[in-house]
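Colleague: Here it is: the structure, laid out below.
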Amino acid sequence: MTNSNDEFTLTTSEAAALRLGFSYCPRCRAEMIDKKVYGQVRRVCPDCRFVQFIDPKVGTAVLAEKEGQVLLVKRSMDPARGDWCLPGGFMEIWETPQATARRECREETGLEVEITGLIDVFYYENYRGSGVLIMYKGIITGGQMQAGDDAGAVGLFSAETLPKNIAFDSNVQVLAAWQNGEF
Ligand SMILES: [Zn+2]
């Protein structure tokens, strides 16, 4: 996710269509069928037996603090474009969730974060499908603050200066708790 300008962005309806499953097998090109396997109806290839599992996406976010302030990024992409959220993003394969949180923080804010604990694990659903969000807390240890990747702006906020437009229920919940001094 380093060259976001080179990537294409799906429209809402295109993203929703991905939930319907493949028409053709990505391995052997045969027409996929609906079939009950592993307890529910899934898209299955009758020729090579490829099964399409439509799984939740796993992402991480980090509540990173510096001198009593929390690091937020302004979203430049949907969902919730224009709202503020904690730095974070989806896991890559062969990456630990802690490494994802550190990488996403670096890409979106230019800052290095040390993970100090787990806050909670959230489940959500939206038009792109369902997801699990692992929320860490951490402290900023270095770097130069600069918005990057899919962040349009980045800032450090005190409990008194938090923006009103926070994206995602998980972020709203965690930042409200942080404002009350729970972390
Ligand atoms: Zn196949």
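Identifiers in the structure tokens: chain A, B, ... in order shown; residue index from 1 per chain; ligand index from 1 in order shown.
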For ligand 1, collect every residue having any atom at a distance of at most 7 Å from a ligand atom (counting only C-alpha atoms and all ligand atoms); output as JSON, numbers by chain.

Modeller: {"A": [25, 26, 27, 28, 29, 30, 45, 46, 47, 48, 49, 50]}

Colleague: Excluding Glu160 (chain A) and residues on its chain fewer than 6 positions from it, collect all residues at most 12 Å away from it, counting only C-alpha atoms, and give them as a ChimeraX atom specification.

Modeller: /A:68-70,175-176,178-181

Colleague: Restricted to all heavy atoms, what would the selected residues look like written as a PDB file, in the first residue's frame?

Modeller:
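And here's result-v1.pdb as it stands now:
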ATOM      1  N   GLY A  68       0.570  12.686  26.044  1.00  0.00           N
ATOM      2  CA  GLY A  68      -0.842  12.877  26.379  1.00  0.00           C
ATOM      3  C   GLY A  68      -1.749  13.179  25.196  1.00  0.00           C
ATOM      4  O   GLY A  68      -2.942  13.417  25.366  1.00  0.00           O
ATOM      5  N   GLN A  69      -1.167  13.159  23.993  1.00  0.00           N
ATOM      6  CA  GLN A  69      -1.991  13.387  22.803  1.00  0.00           C
ATOM      7  C   GLN A  69      -2.103  12.100  22.000  1.00  0.00           C
ATOM      8  O   GLN A  69      -1.235  11.222  22.082  1.00  0.00           O
ATOM      9  CB  GLN A  69      -1.374  14.486  21.942  1.00  0.00           C
ATOM     10  CG  GLN A  69      -1.351  15.850  22.635  1.00  0.00           C
ATOM     11  CD  GLN A  69      -0.938  16.951  21.676  1.00  0.00           C
ATOM     12  OE1 GLN A  69       0.127  16.869  21.064  1.00  0.00           O
ATOM     13  NE2 GLN A  69      -1.764  17.960  21.538  1.00  0.00           N
ATOM     14  N   VAL A  70      -3.168  11.998  21.207  1.00  0.00           N
ATOM     15  CA  VAL A  70      -3.393  10.794  20.408  1.00  0.00           C
ATOM     16  C   VAL A  70      -3.233  11.129  18.922  1.00  0.00           C
ATOM     17  O   VAL A  70      -3.608  12.214  18.471  1.00  0.00           O
ATOM     18  CB  VAL A  70      -4.786  10.185  20.708  1.00  0.00           C
ATOM     19  CG1 VAL A  70      -5.920  11.092  20.230  1.00  0.00           C
ATOM     20  CG2 VAL A  70      -4.922   8.809  20.068  1.00  0.00           C
ATOM     21  N   LEU A 175     -11.931   5.978  21.447  1.00  0.00           N
ATOM     22  CA  LEU A 175     -11.498   7.352  21.703  1.00  0.00           C
ATOM     23  C   LEU A 175     -12.311   7.997  22.836  1.00  0.00           C
ATOM     24  O   LEU A 175     -11.773   8.802  23.598  1.00  0.00           O
ATOM     25  CB  LEU A 175     -11.583   8.188  20.418  1.00  0.00           C
ATOM     26  CG  LEU A 175     -10.459   7.878  19.427  1.00  0.00           C
ATOM     27  CD1 LEU A 175     -10.759   8.473  18.054  1.00  0.00           C
ATOM     28  CD2 LEU A 175      -9.105   8.386  19.939  1.00  0.00           C
ATOM     29  N   ALA A 176     -13.579   7.598  22.961  1.00  0.00           N
ATOM     30  CA  ALA A 176     -14.395   8.099  24.088  1.00  0.00           C
ATOM     31  C   ALA A 176     -13.812   7.587  25.403  1.00  0.00           C
ATOM     32  O   ALA A 176     -13.706   8.329  26.386  1.00  0.00           O
ATOM     33  CB  ALA A 176     -15.849   7.658  23.925  1.00  0.00           C
ATOM     34  N   TRP A 178     -10.687   6.684  25.876  1.00  0.00           N
ATOM     35  CA  TRP A 178      -9.398   7.375  26.053  1.00  0.00           C
ATOM     36  C   TRP A 178      -9.612   8.784  26.632  1.00  0.00           C
ATOM     37  O   TRP A 178      -8.881   9.220  27.513  1.00  0.00           O
ATOM     38  CB  TRP A 178      -8.676   7.453  24.713  1.00  0.00           C
ATOM     39  CG  TRP A 178      -7.367   8.187  24.756  1.00  0.00           C
ATOM     40  CD1 TRP A 178      -6.171   7.727  25.216  1.00  0.00           C
ATOM     41  CD2 TRP A 178      -7.147   9.551  24.358  1.00  0.00           C
ATOM     42  NE1 TRP A 178      -5.215   8.707  25.115  1.00  0.00           N
ATOM     43  CE2 TRP A 178      -5.783   9.832  24.586  1.00  0.00           C
ATOM     44  CE3 TRP A 178      -7.962  10.543  23.815  1.00  0.00           C
ATOM     45  CZ2 TRP A 178      -5.219  11.073  24.294  1.00  0.00           C
ATOM     46  CZ3 TRP A 178      -7.414  11.788  23.528  1.00  0.00           C
ATOM     47  CH2 TRP A 178      -6.049  12.035  23.768  1.00  0.00           C
ATOM     48  N   GLN A 179     -10.660   9.464  26.113  1.00  0.00           N
ATOM     49  CA  GLN A 179     -10.987  10.820  26.592  1.00  0.00           C
ATOM     50  C   GLN A 179     -11.314  10.793  28.088  1.00  0.00           C
ATOM     51  O   GLN A 179     -11.029  11.743  28.802  1.00  0.00           O
ATOM     52  CB  GLN A 179     -12.213  11.328  25.820  1.00  0.00           C
ATOM     53  CG  GLN A 179     -11.993  12.640  25.134  1.00  0.00           C
ATOM     54  CD  GLN A 179     -13.139  13.020  24.209  1.00  0.00           C
ATOM     55  OE1 GLN A 179     -14.043  12.232  23.933  1.00  0.00           O
ATOM     56  NE2 GLN A 179     -13.111  14.248  23.739  1.00  0.00           N
ATOM     57  N   ASN A 180     -11.897   9.662  28.521  1.00  0.00           N
ATOM     58  CA  ASN A 180     -12.243   9.517  29.957  1.00  0.00           C
ATOM     59  C   ASN A 180     -11.063   9.011  30.786  1.00  0.00           C
ATOM     60  O   ASN A 180     -11.232   8.652  31.948  1.00  0.00           O
ATOM     61  CB  ASN A 180     -13.420   8.555  30.117  1.00  0.00           C
ATOM     62  CG  ASN A 180     -14.714   9.145  29.573  1.00  0.00           C
ATOM     63  OD1 ASN A 180     -14.886  10.359  29.570  1.00  0.00           O
ATOM     64  ND2 ASN A 180     -15.592   8.284  29.102  1.00  0.00           N
ATOM     65  N   GLY A 181      -9.906   8.906  30.153  1.00  0.00           N
ATOM     66  CA  GLY A 181      -8.701   8.518  30.884  1.00  0.00           C
ATOM     67  C   GLY A 181      -8.566   7.038  31.151  1.00  0.00           C
ATOM     68  O   GLY A 181      -7.860   6.621  32.063  1.00  0.00           O
TER      69      GLY A 181
END

Colleague: For region 108-147 of chain A versus region 54-60 of chain A, which residues have an atom no more than 6 Å away, and what is each residue's nearest atom pair and distance in Å rounded to one decimal, using only C-alpha atoms, chain-then-number order, as CSV?

Modeller:
residue,atom,partner,partner_atom,distance
A:Ser130,CA,A:Pro56,CA,4.8
A:Gly131,CA,A:Pro56,CA,4.4
A:Val132,CA,A:Val58,CA,4.9
A:Leu133,CA,A:Gly59,CA,4.8
A:Ile134,CA,A:Thr60,CA,4.6
A:Met135,CA,A:Thr60,CA,5.7

Colleague: Take the selection from the previous step and output its residues with N, CA, C and O atoms, as a compact mmCIF listing (two decimals), in the first residue's frame.

Modeller:
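Produced file result_34.txt, reproduced below:
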# COMPACT_ATOMS: atom_id res chain seq x y z
N SER A 130 -17.28 -8.42 5.81
CA SER A 130 -17.13 -8.34 7.26
C SER A 130 -15.65 -8.31 7.60
O SER A 130 -14.80 -8.72 6.80
N GLY A 131 -15.36 -7.85 8.80
CA GLY A 131 -13.97 -7.73 9.19
C GLY A 131 -13.77 -7.85 10.69
O GLY A 131 -14.71 -7.71 11.48
N VAL A 132 -12.54 -8.13 11.05
CA VAL A 132 -12.12 -8.16 12.45
C VAL A 132 -11.02 -7.11 12.60
O VAL A 132 -10.06 -7.09 11.81
N LEU A 133 -11.18 -6.23 13.56
CA LEU A 133 -10.19 -5.18 13.79
C LEU A 133 -9.52 -5.39 15.15
O LEU A 133 -10.19 -5.42 16.18
N ILE A 134 -8.22 -5.57 15.12
CA ILE A 134 -7.44 -5.74 16.35
C ILE A 134 -6.87 -4.37 16.72
O ILE A 134 -6.14 -3.76 15.94
N MET A 135 -7.27 -3.88 17.89
CA MET A 135 -6.90 -2.52 18.28
C MET A 135 -5.83 -2.55 19.38
O MET A 135 -6.05 -3.08 20.45

Colleague: Find, counting only C-alpha atoms, the residue in A:Gly82, A:Gly88, A:Leu20, A:Lys137 that gets nearest to Ile119 (chain A).

Modeller: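 Counting only C-alpha atoms, the residue closest to Ile119 (chain A) is A:Lys137.
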
Colleague: Taking 4 positions as the minimum chain separation for residues in the same chain, which residues sit within 9 Å of region 163-169 of chain A when counting only C-alpha atoms? Answer as a ChimeraX atom specification.

Modeller: /A:75,79-86,124,157,173-175

Colleague: Emit the selected residues as a PDB file, in the first residue's frame, including C-alpha atoms.

Modeller:
ATOM      1  CA  ARG A  75      -9.266   9.531   5.629  1.00  0.00           C
ATOM      2  CA  PRO A  79     -15.402   4.287   3.624  1.00  0.00           C
ATOM      3  CA  ALA A  80     -15.781   7.393   5.823  1.00  0.00           C
ATOM      4  CA  ARG A  81     -13.773   9.709   3.548  1.00  0.00           C
ATOM      5  CA  GLY A  82     -13.044  13.019   5.303  1.00  0.00           C
ATOM      6  CA  ASP A  83     -13.461  11.624   8.831  1.00  0.00           C
ATOM      7  CA  TRP A  84     -10.658  11.028  11.320  1.00  0.00           C
ATOM      8  CA  CYS A  85      -9.540   7.636  12.586  1.00  0.00           C
ATOM      9  CA  LEU A  86      -6.666   5.852  14.274  1.00  0.00           C
ATOM     10  CA  TYR A 124     -17.824  -5.152  11.903  1.00  0.00           C
ATOM     11  CA  PHE A 157      -4.963  15.719  19.511  1.00  0.00           C
ATOM     12  CA  GLN A 173     -15.859   3.833  21.364  1.00  0.00           C
ATOM     13  CA  VAL A 174     -12.113   3.608  22.022  1.00  0.00           C
ATOM     14  CA  LEU A 175     -11.498   7.352  21.703  1.00  0.00           C
TER      15      LEU A 175
END

Colleague: To test your reading of the structure, identify every residue in chain A that backbone DSSP assigns to strand (DSSP E or B), and report it as a PyMOL selection string.

Modeller: chain A and resi 24+31+33-37+40-44+51-52+57-66+69-75+84-85+88-90+111-126+129-143+151-157+166

Colleague: Identify which of the residues A:Glu65, A:Leu118, A:Gly39, A:Asp34 lies closest to Leu156 (chain A), counting only C-alpha atoms when measuring atom-to-atom distances.

Modeller: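 Among A:Glu65, A:Leu118, A:Gly39, A:Asp34, it is A:Glu65 that comes nearest to Leu156 (chain A).
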
Colleague: Using only C-alpha atoms, can you tell me which of A:Phe22, A:Tyr136, A:Met145, A:Gly129 comes closest to Phe183 (chain A)?

Modeller: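 Going through A:Phe22, A:Tyr136, A:Met145, A:Gly129 one by one, the smallest distance to Phe183 (chain A) is for A:Tyr136.
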
Colleague: Which residues come within 8 Å of Arg43 (chain A), counting only C-alpha atoms, excluding same-chain residues fewer than 6 positions away, as a list in words?

Modeller: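 In the requested format, the answer is Gly21, Phe22, Met32, Ile33, Asp34, Lys35, Val51, Gln52 and Phe53 of chain A.
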
Colleague: How about saving the chosen residues, N, CA and C atoms kept, as an mmCIF file, in the first residue's frame?

Modeller:
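In the end it all went to out_29.cif:
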data_model
loop_
_atom_site.group_PDB
_atom_site.id
_atom_site.type_symbol
_atom_site.label_atom_id
_atom_site.label_comp_id
_atom_site.auth_asym_id
_atom_site.auth_seq_id
_atom_site.Cartn_x
_atom_site.Cartn_y
_atom_site.Cartn_z
ATOM 1 N N GLY A 21 -19.148 -13.762 -4.953
ATOM 2 C CA GLY A 21 -18.345 -14.922 -5.297
ATOM 3 C C GLY A 21 -17.995 -14.979 -6.765
ATOM 4 N N PHE A 22 -17.057 -15.851 -7.084
ATOM 5 C CA PHE A 22 -16.562 -15.981 -8.450
ATOM 6 C C PHE A 22 -17.579 -16.658 -9.360
ATOM 7 N N MET A 32 -18.073 -21.917 -11.808
ATOM 8 C CA MET A 32 -18.265 -22.265 -10.395
ATOM 9 C C MET A 32 -19.741 -22.561 -10.150
ATOM 10 N N ILE A 33 -20.029 -23.400 -9.161
ATOM 11 C CA ILE A 33 -21.407 -23.717 -8.776
ATOM 12 C C ILE A 33 -21.574 -23.485 -7.279
ATOM 13 N N ASP A 34 -22.837 -23.346 -6.853
ATOM 14 C CA ASP A 34 -23.124 -23.284 -5.412
ATOM 15 C C ASP A 34 -23.253 -24.708 -4.898
ATOM 16 N N LYS A 35 -22.548 -25.021 -3.823
ATOM 17 C CA LYS A 35 -22.601 -26.376 -3.294
ATOM 18 C C LYS A 35 -22.360 -26.328 -1.792
ATOM 19 N N VAL A 51 -12.576 -24.318 -3.557
ATOM 20 C CA VAL A 51 -13.672 -23.751 -2.764
ATOM 21 C C VAL A 51 -13.343 -22.291 -2.472
ATOM 22 N N GLN A 52 -14.284 -21.401 -2.764
ATOM 23 C CA GLN A 52 -14.067 -19.990 -2.435
ATOM 24 C C GLN A 52 -14.624 -19.693 -1.041
ATOM 25 N N PHE A 53 -13.742 -19.433 -0.103
ATOM 26 C CA PHE A 53 -14.158 -19.018 1.228
ATOM 27 C C PHE A 53 -14.215 -17.493 1.250
#

Colleague: Just how far from CA of Leu63 (chain A) is CA of Ala101 (chain A), in Å to one decimal?

Modeller: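 If I compute the distance from CA of Ala101 (chain A) to CA of Leu63 (chain A), I get 9.7 Å.
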
Colleague: Hey, what does DSSP flag as alpha helix (DSSP H) within region 85-152 of chain A? Can you give it to me as JSON, numbers by chain?

Modeller: {"A": [97, 98, 99, 100, 101, 102, 103, 104, 105, 106, 107, 108, 109]}
